[in-house]
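Remarks on the structure that follows.
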Amino acid sequence: MQSSTPASPSILLIGASRGIGHAMAVEFVRRDWHVVGTVRGSARTRLHDLADEHPQQVTVECADITRTDQLTALRERLAQRRFDVLFVNAGTVNRHRDDTMAGITQDEFVHVMVTNALAPMRTIETLGGLVTETGLLGIMSSGQGSVTHNVQGGRDLYRGSKAALNMFMRSYAARHAASRRALLLLAPGWIRTELGGPDAPFTLEQTIPELVDTLLDKRGRPGLEYLDRQGRVVPW
C-alpha cells in the first residue's frame, strides 16, 4: 500500500487584502501552504487575484473583526476546518500620528484601541479553537508597543494601543499556561506600506521572508514570545 501524501499545512490569516497581510499570503503560497485569508467588505482586492491564480491554495473570507457578529459568523463558516496557524494582522493609526493624548479625540481613541487591541484579542478568543492543539496563535504587534524601548515618545496612541495588545496577550498566555500551542507577538519593523508610509527604510520584499521564517520557527515552542522579524526578543 502506498503511503498517503501528508496534507499541506494551513494558515488562517486575518487581514490579508493588502500590505503586509497580502505579502504574507503570497509568501505562504510560495511555501506550499493553504491560506484562508480575510478581507473587509465586498470590494475586490489583491487577495482575490491571488485566489484566482492559486484556486487550490487560497480561499477568501469576508470579515471585519471589529464587529463581533462578523467574527462569530466566520467561526461558524470555518467550524469544520482546522489550521496549523492563526495569525491576526490588524492595525491602524490615528489621523495625526504625533498628537499627544490631549490632542486625540475620543472617537479616534476608541477606533485605534478597538482595532489594534480589542479586536485582535477577541479574534484569538473566538477563532483559537480552530487551531490544532500544537499549532500557533499569533498577532502582529509592533516594536513601538515596547514600554522599555519608548525613550523618545511620539505616536502616543499607536504605542499605547500596541502596549495594551501585548498586555492582553500576556494575560491570555497566563490563562492558557498549560496549552501546547505557541503564542507569538510579532514586531515587523518599519516597512514601506500604506500604514508604514513612504519613508520606511524596508520594503515588503526585503522583510516578509524573514517575518514568515520567524513565525514558522516559533512553532513547536509553547508559550508566549514577543519577537522582531529576525527572531530576536523585544523587551516588554
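Here, A, B, ... name the chains of the C-alpha cells in the order displayed, residue numbers run from 1 inside each chain, and ligands are numbered from 1 in the same displayed order.
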List as a list in words the protein and nucleic acid residues near Leu186 of chain A, meaning an atom at most 8 Å away when only C-alpha atoms are counted, but skip any in the same chain fewer than 4 places from it.
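Everything that qualifies: Gly138, Ile139, Met140, Ser141, Ser142, Leu215, Tyr226, Leu227, Asp228 and Arg229 of chain A.
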Could you save the residues just selected, with C-alpha atoms, as a compact mmCIF listing (two decimals), in the first residue's frame?
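That gives us out.txt:
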```txt
# COMPACT_ATOMS: atom_id res chain seq x y z
CA GLY A 138 -0.06 34.96 16.59
CA ILE A 139 -0.79 38.67 16.35
CA MET A 140 1.04 41.47 14.58
CA SER A 141 2.27 43.80 17.27
CA SER A 142 4.94 46.50 16.92
CA LEU A 215 6.68 32.87 12.64
CA TYR A 226 7.46 38.91 21.73
CA LEU A 227 9.87 38.82 18.79
CA ASP A 228 11.05 41.02 15.96
CA ARG A 229 11.02 39.74 12.40
```
Those of segment 115-166 of chain A in DSSP alpha helix (DSSP H), formatted as a ChimeraX atom specification
/A:119-127,156-166
How far is it from atom CA of Glu225 of chain A to atom CA of Ala16 of chain A, in Å with one decimal?
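Pair atom CA of Glu225 of chain A / atom CA of Ala16 of chain A returns 22.8 Å.
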Write down as a PyMOL selection string the residues belonging to segment 47-221 of chain A that are assigned strand (DSSP E or B) by DSSP computed on the backbone.
chain A and resi 58-62+83-88+131-140+182-187+191+202
Which residue is closest to Cys62 of chain A? Choose from A:Glu108, A:Asp84, A:Gly15, A:Pro222 and count only C-alpha atoms.
A:Gly15
Which value, in Å to one decimal, gives the distance between atom CA of Val93 of chain A and atom CA of Asp107 of chain A?
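Separation between atom CA of Val93 of chain A and atom CA of Asp107 of chain A: 12.5 Å.
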Have a look at A:Glu61, A:Asp217, A:Asp99, A:Asp49 and name the one nearest to Leu184 of chain A; count only C-alpha atoms.
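Closest to Leu184 of chain A, using only C-alpha atoms: A:Asp217.
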Between atom CA of Ala90 of chain A and atom CA of Ala7 of chain A, measure the distance and give it in Å to one decimal.
28.2 Å
With distances taken over only C-alpha atoms, which of A:Ala187, A:Leu157, A:Ile104, A:Leu127 is nearest to Leu13 of chain A?
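So, comparing all the options, the nearest one is A:Leu127.
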Distance query Leu165 of chain A at most 12 Å, only C-alpha atoms, self and fewer than 4 positions along chain excluded, as an MDAnalysis selection string
chainID A and resid 88 90:91 112:122 124 138:146 158:161 169:172 184:186 226 236
For the selection just defined, write its residues with N, CA and C atoms to a file, as a compact mmCIF listing (two decimals), in the first residue's frame.
```txt
# COMPACT_ATOMS: atom_id res chain seq x y z
N VAL A 88 -3.21 37.08 13.21
CA VAL A 88 -4.06 38.27 13.11
C VAL A 88 -3.20 39.46 12.71
N ALA A 90 -3.79 43.01 12.02
CA ALA A 90 -4.75 44.13 12.06
C ALA A 90 -4.05 45.34 12.67
N GLY A 91 -4.30 46.49 12.09
CA GLY A 91 -3.68 47.68 12.65
C GLY A 91 -4.14 48.95 11.97
N VAL A 112 -8.82 53.41 17.39
CA VAL A 112 -7.49 52.80 17.37
C VAL A 112 -7.39 51.69 18.41
N MET A 113 -7.91 51.90 19.59
CA MET A 113 -7.82 50.87 20.62
C MET A 113 -8.65 49.64 20.27
N VAL A 114 -9.80 49.84 19.68
CA VAL A 114 -10.62 48.69 19.28
C VAL A 114 -9.92 47.91 18.17
N THR A 115 -9.42 48.63 17.17
CA THR A 115 -8.79 47.97 16.02
C THR A 115 -7.49 47.27 16.39
N ASN A 116 -6.66 47.91 17.20
CA ASN A 116 -5.32 47.41 17.47
C ASN A 116 -5.23 46.49 18.67
N ALA A 117 -6.15 46.60 19.61
CA ALA A 117 -6.03 45.82 20.85
C ALA A 117 -7.23 44.91 21.11
N LEU A 118 -8.43 45.48 21.13
CA LEU A 118 -9.60 44.68 21.46
C LEU A 118 -9.92 43.65 20.37
N ALA A 119 -10.02 44.09 19.13
CA ALA A 119 -10.43 43.18 18.05
C ALA A 119 -9.46 42.02 17.84
N PRO A 120 -8.13 42.25 17.84
CA PRO A 120 -7.23 41.10 17.69
C PRO A 120 -7.38 40.07 18.80
N MET A 121 -7.54 40.53 20.04
CA MET A 121 -7.69 39.58 21.15
C MET A 121 -9.02 38.86 21.07
N ARG A 122 -10.06 39.57 20.68
CA ARG A 122 -11.36 38.93 20.52
C ARG A 122 -11.29 37.88 19.41
N ILE A 124 -8.55 36.10 18.60
CA ILE A 124 -7.85 34.95 19.18
C ILE A 124 -8.80 34.13 20.05
N GLY A 138 -0.93 33.79 16.64
CA GLY A 138 -0.06 34.96 16.59
C GLY A 138 -0.80 36.23 16.24
N ILE A 139 -0.23 37.35 16.64
CA ILE A 139 -0.79 38.67 16.35
C ILE A 139 0.35 39.60 15.94
N MET A 140 0.08 40.45 14.97
CA MET A 140 1.04 41.47 14.58
C MET A 140 1.02 42.59 15.60
N SER A 141 2.12 42.71 16.32
CA SER A 141 2.27 43.80 17.27
C SER A 141 3.16 44.87 16.63
N SER A 142 4.02 45.48 17.41
CA SER A 142 4.94 46.50 16.92
C SER A 142 6.02 46.71 17.96
N GLY A 143 7.21 47.03 17.51
CA GLY A 143 8.26 47.41 18.44
C GLY A 143 7.88 48.66 19.23
N GLN A 144 6.96 49.46 18.67
CA GLN A 144 6.53 50.65 19.38
C GLN A 144 5.61 50.33 20.56
N GLY A 145 5.22 49.05 20.68
CA GLY A 145 4.47 48.64 21.85
C GLY A 145 5.36 48.32 23.04
N SER A 146 6.68 48.36 22.85
CA SER A 146 7.61 48.09 23.95
C SER A 146 7.71 49.32 24.85
N TYR A 158 -0.84 55.16 19.12
CA TYR A 158 -0.44 53.91 18.48
C TYR A 158 0.40 53.07 19.43
N ARG A 159 1.40 53.69 20.07
CA ARG A 159 2.22 52.98 21.03
C ARG A 159 1.36 52.36 22.14
N GLY A 160 0.45 53.17 22.66
CA GLY A 160 -0.38 52.70 23.76
C GLY A 160 -1.27 51.55 23.36
N SER A 161 -1.79 51.59 22.14
CA SER A 161 -2.67 50.51 21.69
C SER A 161 -1.91 49.20 21.54
N MET A 169 -2.40 39.98 25.55
CA MET A 169 -1.90 38.69 25.11
C MET A 169 -1.15 37.98 26.23
N ARG A 170 -0.45 38.72 27.07
CA ARG A 170 0.21 38.10 28.22
C ARG A 170 -0.82 37.53 29.18
N SER A 171 -1.92 38.23 29.36
CA SER A 171 -2.98 37.70 30.21
C SER A 171 -3.56 36.42 29.61
N TYR A 172 -3.76 36.43 28.30
CA TYR A 172 -4.26 35.23 27.62
C TYR A 172 -3.29 34.07 27.83
N LEU A 184 2.52 34.06 19.83
CA LEU A 184 3.51 34.99 19.29
C LEU A 184 2.94 36.38 19.12
N LEU A 185 3.69 37.36 19.61
CA LEU A 185 3.51 38.77 19.27
C LEU A 185 4.68 39.15 18.38
N LEU A 186 4.41 39.58 17.16
CA LEU A 186 5.45 39.79 16.17
C LEU A 186 5.59 41.28 15.85
N TYR A 226 7.58 37.62 22.42
CA TYR A 226 7.46 38.91 21.73
C TYR A 226 8.75 39.08 20.94
N TRP A 236 9.57 43.86 26.88
CA TRP A 236 8.21 44.33 27.11
C TRP A 236 8.20 45.81 27.46
```
Using only C-alpha atoms, determine which residues lie at most 10 Å from segment 28-37 of chain A, disregarding the query and same-chain residues fewer than 6 positions distant; provide the list as a PyMOL selection string.
chain A and resi 7-17+21-22+47-48+50-51+54-63+78+83-87+209+212
Select, from A:Val147, A:Asp213, A:Asp64, A:Thr92, the residue with the minimum atom-to-atom distance to Ser42 of chain A, counting only C-alpha atoms.
A:Asp64
